Amino acid sequence: MSQPLLDVRNLTVRYATKFREVKALDRVNFRVAKGEIVALVGESACGKSTLGLSIIGLLPSPPSFVDSGEIILSGTDLLKLRESEMGAIRGTSISMIFQEPMTSLDPVYRVGDQIAEAIEIREKRKPNKSIGPYERTDPDTKERTGVAERMLGSGLRRHRPPRAYSKEVAEALGRVQIADPLKTLEKYPHELSGGMAQRVMIAQALVQRPTLLIADEPTSALDVTTQAQVLKLMRQLRDDIDSSIIFITHDLAVAAQIADRVAVMYAGDIVELAEAKALFRRPQHPYSEGLIGSFPNQFKDEGQLKAIPGEVPNLRSQLVGCKFSSRCGYVFDRCKVERPELVEAGPVQSAACFLRYPQ
Amino acid sequence: MKEVLRVTNVVKHFPLGTGLGDRLRGKKGQSVHAVDGVTFSLYENETLGLVGESGSGKTTLGRAVLMLDRPTSGDVIFEGDSISKMKGERLRQIRKKMQIVFQNPNSSLDPRARVKDIILEPLRAFKEFDKRYQNEALLKVLKSVNIPEDSLMKFPHEFSGGQRQRIAIARALILNPRLIVLDEPTSALDSSIQAQILNLLRRLQSELNLSYLFITHNVGVVKYMADRIAVMYSGKVVELGKTRDLLQRPLHPYTIALISAVPQLDPEKKAEEVPLAGEIPSAVNPPKGCRFNPRCPHAEGICREEEPALRAVGPGRLSACHFAERFLDAPPQSSTTGKGDAS
Amino acid sequence: MAERKFLSIFDRQETAITWRILRSSLVTTAGLVIIVGFLGLSFVLWLTNDSILPYNPTAITSNVLQAPSLTHLLGTDSLGRDVFSRVLAAAPIDARVPLAVLSVAIALGLVTGTIAGYFGGLVEEIVMRITDIFLAFPGIVLALAIAAALGPNINNSILALAPVWWPSYTRLVRGETLSIKTQQYVEASRAAGHKSRYIVVHHIIPNILPVILVYATLDFGNVIVVFSVLSFIGLGAQPPASEWGLMTVQQEQFLTSSPWIPLAPAIAILLVAVGFSLVGDGLRDALDPKVRSLFG
C-alpha cells in the first residue's frame, strides 16, 4: 500500500477493572487505503467494535486502556492528540455510524435539524461546541443565543441551524433515497422506520464528507430487504465522496457484498487479512475456513454444516500460543506455545497461522 | 404422513385503546392486524419454516399456535383436537406436547434460578412426575443437548449464549413434546455457534421424531433447516411450498424480492436485488387489495382492488398472487442454488 | 410444589461478589460499620435487657447537667440521667420500629403489588386506587392522626406508621411486576403450563426482592426520622423512655447552655439515617448486573 490513509500499528487495548482484566486487542496491525472499503469481521468479543471505537477515540477509558500502539491517520498519530484536538477530527475527518439508528438520533430534535447540525460542524469546525448552543459568529443565524441559553444549554430553547442549510439537507436525504425529503426533514426520529433512520444516519455521514467512515454493524438491526438497499447506498457513498469505509459486521455475507478487503478477527487478533475475492475463494486461516464453512447455505438434504467445535476462549485467562488452537482442526505442538504473526499467504492475502509460515 | 398441526384461518388482532373522544363519536376501536387469516398444516417429523421480515406476523403466529396469545378467530387443531377453545386443565395437559424455544437466550432463562430448576420447571407443573422420574428425565435431556452435569447448580449468567440456548432447548424437551415452536432460535448467537445449534436441532428431530415450526428471517438458515417454507408478509402467508422449489423458483413477487436481497457469500455475485420501493405497510390500516401492491413492481389494477387468495399454482405450490403463473417459467434463482447444484 | 430452596441472593458465590462490591467502596464500608454497630448494639441491649449499660437510663439522680467527663461520657441531663446510656438505650427502640414498619410494608406491598401487576384489569384498578388514596395524605399528618386516635406509645406508633409506608411499596412492586411479567422466562413458564400463583411466587417475587431490599434500606433512615418526629410531637414514645426524638425535644431548652444533651440524640439519628442511606446506595450498585460483571 503506497501511503495508507489509516495505519494502525501494534495496537493493544486492555479492558481492566479491579477484579477482571481482558486483552480486547492484542498487537493489532491494520491499514486502510484511500477510498477502500475494509470489512472487520468476527464474532462476539473478537475486538472489532473495540478497534473501531479506538480509531475514533470513543473508547470509554476507564475501563479500557490503550497499552501500546499507534493509530496514524494521514500522518498524525491520533493516540497522541489531546481530547480537544481529537474532537476536531470527529465529525469532520472521521465519522461513525452505529447499529441502532434509533438511539443514535436525538429524539427531541427534528431529523433535518440533526443533519443540519452536522453541516454546521463541518462549516464552522468548532468541535468543542458539538452539542449545545453555538457561538454567534455567523450573522446568518436567526436565533440569538442569550446568556441564559448558553448557561443552561440548548434544552432551554431549541437551537435551529440556519435555513441556509435546508437545501443541502434535503439534497442529502434525496441521495439516500428517502422518498419525500422535504417532508422527512420535519419529522422526529420516532416517526421513521428503522431503515429510514439508518438512511438518515448515512445522510448525516454524507454531508460531513469524512475521509474515513466507521460503520459499526449498521445493517444488523435491519430487515434483509432494507439491508440490501443500505449496502448499495454505502457503496455509492464511497464512490460519491471518496471516503474510506471500515465496515464492522458479524455477517460474512454482508462483508462479501460490500468489502474490497476483509480482516477476520478472533479473540483480539486479526487472523486473516485478504482481498475479499481471495478470502472467500481460498481462506488461508483455519478460523476463516471454519467460519465460511459454517455459514448455512445448503439445503436440508445436502449434508451437515461443518460447525467449529468448542467456544470462544475466555479472554480473562492468559492465553498461551495461538488463540484458536483449542478449536483448530489442524493444530500441532507449535500452535500451543507460540503465537503466530501475520505472514503472507498469497499475493493479496496474509494469515496468522503456522501452516502458512515458510518451511 | 400424519398431520400434527393444522392451522385454519387464524386471525390475531391486538386492539388499540380507543380514546374517550373517539368512543363518544361512535368510532370503532382500531386494532393491529398482526395475523390476518393464515392456513397451513405441519406433519410428523417435518420442519415448516416460517419466513418473514419485521411486521410479517410470524412471531405472533407462532405464539398463537401455542395459545400464548389466543387467536381472535380461526382454529388450531393439534393432533386431531381443536385447541383454540380449550381452557384450564385441558389446555394445560395439551401444553405438555407443544413447547417453545425463544430467540433471546438471555431473557428466556430466569436469571435468579439455577439451571436444574429451569430445566425441570415444565415437569413441575404437573403432579404426576415424581422425583425419580424427574431426575431420570433431567439426565437424559442433558445428554441430548450436550450439557455437562455439573452445570445444574449454576446460574444462567455463568454460561455463554450458545450454552444458554442449549439449556432452553433442554427445557423444551423435558416433557417429550411432539411439536416445538422455535422463534428465531439462533438469531442472537454467533455464526459458529449457530451452526452447532442448528445441527443439534436436526439431530434431535430425527432422534425424537419432533415437528418444528421454525420461525426466522434468515433465508440461509431456513434453507438448511426446513422441509417446507411459508413466506409471510403483513400478517398473511403469501407463498407456501417445498424448500427447494420455493427458493429456486419463487412464485410471488415478495419472495422474489426477498431472495434477491439476501447477501451471498461470494463477492463476485453482487446482489442484483429487485428494488423494493416504500416501507412495510401499516398493520393498523393494511392496504386495500393485495397487501403487497404498493411496493410490487408487477402490480396491476386488480391488485389494488381484490385480495388474492392463497391458491395452488402447481403441484405442492401455493401462492397468493393474481399473476403467480407468470413466474412459473422464470429461470431458477442462481442465488439459492445449493452446494450440490451446478452453478 | 416448590423445589427451589435457594434464591440466587443466598447463593454463596453470589453473596461473595456482593460482599466484594460493598467492601470496595470506602463510603459504603463506613455505612456498613454504622448500621452493623447500630443493629448489633440494639440486639445486645435487647438480649441483656439494658443491663450492660453503664448507668440506668431512667434513674433520676441529683447529679444534674454535668458536662461530659470521664465518668459520664456525654454528661447528664436535667434529671441527672446519664446521656450516654440514654442514647444507647434508645437504639433498640429506634431499631425495632423501622424493622416492624418496613416488614409490614414489604409484606403488604409484595402481596398487593404482585396481584395488581400480574393480573391487571379491574383488580389492578381497585388496588391502585386504594393505594392512591393513602398516598394522597401527607405521611406525617396521617401518622399523627392515627397515633392520636390510638393513644401515644411505641407499639401504636408502628400501627400508625405502617399505613403511611405500605402504599409506596405496592407501587414499587407493581411497577417491577409489570416489567418482569413481560420477560420471556415468565412466558416460558406459562408455556410450560404453570399456574399464575407458581409464576408469581417463583419468578416474579425473587426477581423483585433485590429492588425492594435496596429501597427498604434507603428507607430505614426515613422511618426513624418520622418516628422521631412523632415522639418529638409527643405522640410516639412517651417519657421516661429513651428515644432519640423524644430526648431531643425534652432537653431542647438546653441547646445553648448544655448543647450535648439535645445534640447527642439528634446526631445519633443523623448518623444512623446516613449509614442506612450509604449502604442502600452501595447495595443498589452491588445488585446491578452490569457492576457485578466487572467484579467477576
# chains A, B, ... in the order shown; residues from 1 in each chain; ligands from 1
>>> residues_around(residues="stretch 301-315 of chain B", least_positions_apart="2", cutoff="12 Å", atoms="only C-alpha atoms", output="compact mmCIF listing (two decimals) with C-alpha atoms, in the first residue's frame")
# COMPACT_ATOMS: atom_id res chain seq x y z
CA ASN B 9 -57.81 -19.14 9.06
CA ASP B 36 -54.87 -11.91 9.22
CA GLY B 37 -56.11 -15.31 8.14
CA VAL B 38 -53.38 -17.95 7.96
CA THR B 39 -53.89 -21.58 6.99
CA PHE B 40 -51.31 -24.35 6.87
CA ALA B 230 -44.25 -20.47 4.34
CA VAL B 231 -43.39 -16.89 3.46
CA MET B 232 -45.26 -14.27 5.43
CA LYS B 236 -50.60 -13.23 5.63
CA VAL B 237 -48.90 -16.21 4.08
CA VAL B 238 -48.02 -15.18 0.55
CA GLU B 239 -46.33 -18.34 -0.58
CA LEU B 240 -46.01 -21.93 0.62
CA GLY B 241 -44.10 -24.79 -0.86
CA LYS B 242 -41.24 -27.25 -0.60
CA ASP B 245 -38.91 -25.48 -5.20
CA LEU B 246 -39.79 -22.28 -3.42
CA ARG B 249 -38.41 -20.85 -8.38
CA PRO B 250 -40.39 -18.44 -6.23
CA LEU B 251 -43.90 -17.67 -7.35
CA HIS B 252 -44.63 -14.45 -5.55
CA PRO B 286 -53.46 -2.51 5.71
CA PRO B 287 -53.69 -1.51 2.05
CA LYS B 288 -56.75 -2.45 0.09
CA GLY B 289 -56.49 -5.44 -2.17
CA CYS B 290 -53.19 -7.28 -2.16
CA ARG B 291 -51.16 -6.00 0.78
CA PHE B 292 -48.00 -6.05 -1.23
CA ASN B 293 -49.37 -3.95 -4.08
CA PRO B 294 -47.90 -0.55 -3.11
CA ARG B 295 -44.40 -1.98 -3.39
CA CYS B 296 -44.86 -4.59 -6.08
CA PRO B 297 -43.13 -3.97 -9.39
CA HIS B 298 -45.72 -6.12 -11.14
CA ALA B 299 -48.85 -4.61 -9.62
CA ARG B 317 -47.05 -24.86 -4.61
CA LEU B 318 -49.32 -22.21 -3.13
CA SER B 319 -49.09 -18.53 -3.92
CA ALA B 320 -51.21 -15.53 -3.04
CA CYS B 321 -50.69 -13.55 -6.22
CA HIS B 322 -53.10 -12.88 -9.02
CA PHE B 323 -50.34 -13.40 -11.53
CA ALA B 324 -48.40 -16.20 -9.91
CA GLU B 325 -48.40 -18.19 -13.14
CA ARG B 326 -46.13 -15.62 -14.75
CA PHE B 327 -43.27 -16.77 -12.59
CA LEU B 328 -43.57 -20.45 -13.40
CA ASP B 329 -41.28 -20.17 -16.37
>>> interface_residues(of="chain B", to="chain C", cutoff="9 Å", atoms="only C-alpha atoms", output="PyMOL selection string")
chain B and resi 66-68+91-96+98-102+104+106-114+117+121-127+155+172+175
>>> write_last_selection(atoms="C-alpha atoms", output="PDB file, in the first residue's frame")
ATOM      1  CA  LEU B  66     -49.262 -22.362  21.323  1.00  0.00           C
ATOM      2  CA  MET B  67     -52.159 -20.373  22.729  1.00  0.00           C
ATOM      3  CA  LEU B  68     -49.762 -17.968  24.402  1.00  0.00           C
ATOM      4  CA  LEU B  91     -55.189 -26.880  27.779  1.00  0.00           C
ATOM      5  CA  ARG B  92     -52.531 -27.457  30.404  1.00  0.00           C
ATOM      6  CA  GLN B  93     -52.414 -31.114  29.533  1.00  0.00           C
ATOM      7  CA  ILE B  94     -52.034 -30.326  25.852  1.00  0.00           C
ATOM      8  CA  ARG B  95     -49.201 -27.974  26.723  1.00  0.00           C
ATOM      9  CA  LYS B  96     -47.113 -30.992  27.569  1.00  0.00           C
ATOM     10  CA  MET B  98     -46.149 -28.380  22.498  1.00  0.00           C
ATOM     11  CA  GLN B  99     -43.156 -26.351  23.620  1.00  0.00           C
ATOM     12  CA  ILE B 100     -41.302 -23.230  22.594  1.00  0.00           C
ATOM     13  CA  VAL B 101     -37.713 -22.060  22.331  1.00  0.00           C
ATOM     14  CA  PHE B 102     -37.315 -18.306  22.309  1.00  0.00           C
ATOM     15  CA  ASN B 104     -33.028 -14.442  23.268  1.00  0.00           C
ATOM     16  CA  ASN B 106     -30.555 -14.130  27.971  1.00  0.00           C
ATOM     17  CA  SER B 107     -34.121 -13.215  28.735  1.00  0.00           C
ATOM     18  CA  SER B 108     -35.727 -16.613  28.288  1.00  0.00           C
ATOM     19  CA  LEU B 109     -33.984 -18.041  31.345  1.00  0.00           C
ATOM     20  CA  ASP B 110     -34.782 -16.710  34.800  1.00  0.00           C
ATOM     21  CA  PRO B 111     -31.536 -15.109  35.931  1.00  0.00           C
ATOM     22  CA  ARG B 112     -32.258 -15.975  39.546  1.00  0.00           C
ATOM     23  CA  ALA B 113     -32.964 -19.630  39.000  1.00  0.00           C
ATOM     24  CA  ARG B 114     -30.458 -22.430  38.807  1.00  0.00           C
ATOM     25  CA  ASP B 117     -34.745 -25.686  38.233  1.00  0.00           C
ATOM     26  CA  GLU B 121     -39.745 -26.380  35.589  1.00  0.00           C
ATOM     27  CA  PRO B 122     -42.074 -27.752  32.899  1.00  0.00           C
ATOM     28  CA  LEU B 123     -42.156 -31.095  34.679  1.00  0.00           C
ATOM     29  CA  ARG B 124     -43.050 -29.486  37.964  1.00  0.00           C
ATOM     30  CA  ALA B 125     -46.209 -28.030  36.501  1.00  0.00           C
ATOM     31  CA  PHE B 126     -47.697 -31.487  36.604  1.00  0.00           C
ATOM     32  CA  LYS B 127     -48.151 -33.523  39.755  1.00  0.00           C
ATOM     33  CA  PHE B 155     -26.854 -19.756  37.146  1.00  0.00           C
ATOM     34  CA  ALA B 172     -38.330 -27.574  25.825  1.00  0.00           C
ATOM     35  CA  LEU B 175     -41.843 -33.086  28.581  1.00  0.00           C
TER      36      LEU B 175
END
>>> closest_residue(among="C:Tyr169, C:Thr58, C:Arg96, C:Arg23", to="C:Gly80", atoms="only C-alpha atoms")
C:Thr58
>>> closest_residue(among="A:Ser54, A:Arg316, A:Tyr165, A:Arg199", to="chain C", atoms="only C-alpha atoms")
A:Arg316
>>> residues_around(residues="A:Asp26", least_positions_apart="4", cutoff="8 Å", atoms="only C-alpha atoms", output="MDAnalysis selection string")
chainID A and resid 10:13 268:269
>>> write_last_selection(atoms="C-alpha atoms", output="short mmCIF file (atom, residue, chain, number, x, y, z; two decimals), in the first residue's frame")
data_model
loop_
_atom_site.label_atom_id
_atom_site.label_comp_id
_atom_site.auth_asym_id
_atom_site.auth_seq_id
_atom_site.Cartn_x
_atom_site.Cartn_y
_atom_site.Cartn_z
CA ASN A 10 0.74 -2.77 17.19
CA LEU A 11 -2.40 -1.64 18.95
CA THR A 12 -3.03 -3.29 22.29
CA VAL A 13 -6.13 -2.39 24.27
CA GLY A 268 -8.48 -9.71 19.84
CA ASP A 269 -6.24 -10.68 16.94
#
>>> interface_residues(of="chain A", to="chain B", cutoff="6 Å", atoms="only C-alpha atoms", output="PyMOL selection string")
chain A and resi 43+223+225+228+253-254+256-257+277+294+296-300+307-308
>>> interface_residues(of="chain A", to="chain C", cutoff="10 Å", atoms="only C-alpha atoms", output="compact mmCIF listing (two decimals) with C-alpha atoms, in the first residue's frame")
# COMPACT_ATOMS: atom_id res chain seq x y z
CA ALA A 16 -9.48 -3.65 33.18
CA THR A 17 -11.45 -3.38 36.36
CA LYS A 18 -10.35 -4.15 39.89
CA PHE A 19 -11.15 -7.81 39.55
CA ARG A 20 -11.00 -8.56 35.87
CA GLU A 21 -8.61 -7.88 33.10
CA PRO A 63 -12.31 0.72 31.97
>>> residues_around(residues="A:Tyr188", least_positions_apart="4", cutoff="10 Å", atoms="only C-alpha atoms", output="ChimeraX atom specification")
/A:105-114,184,192,197
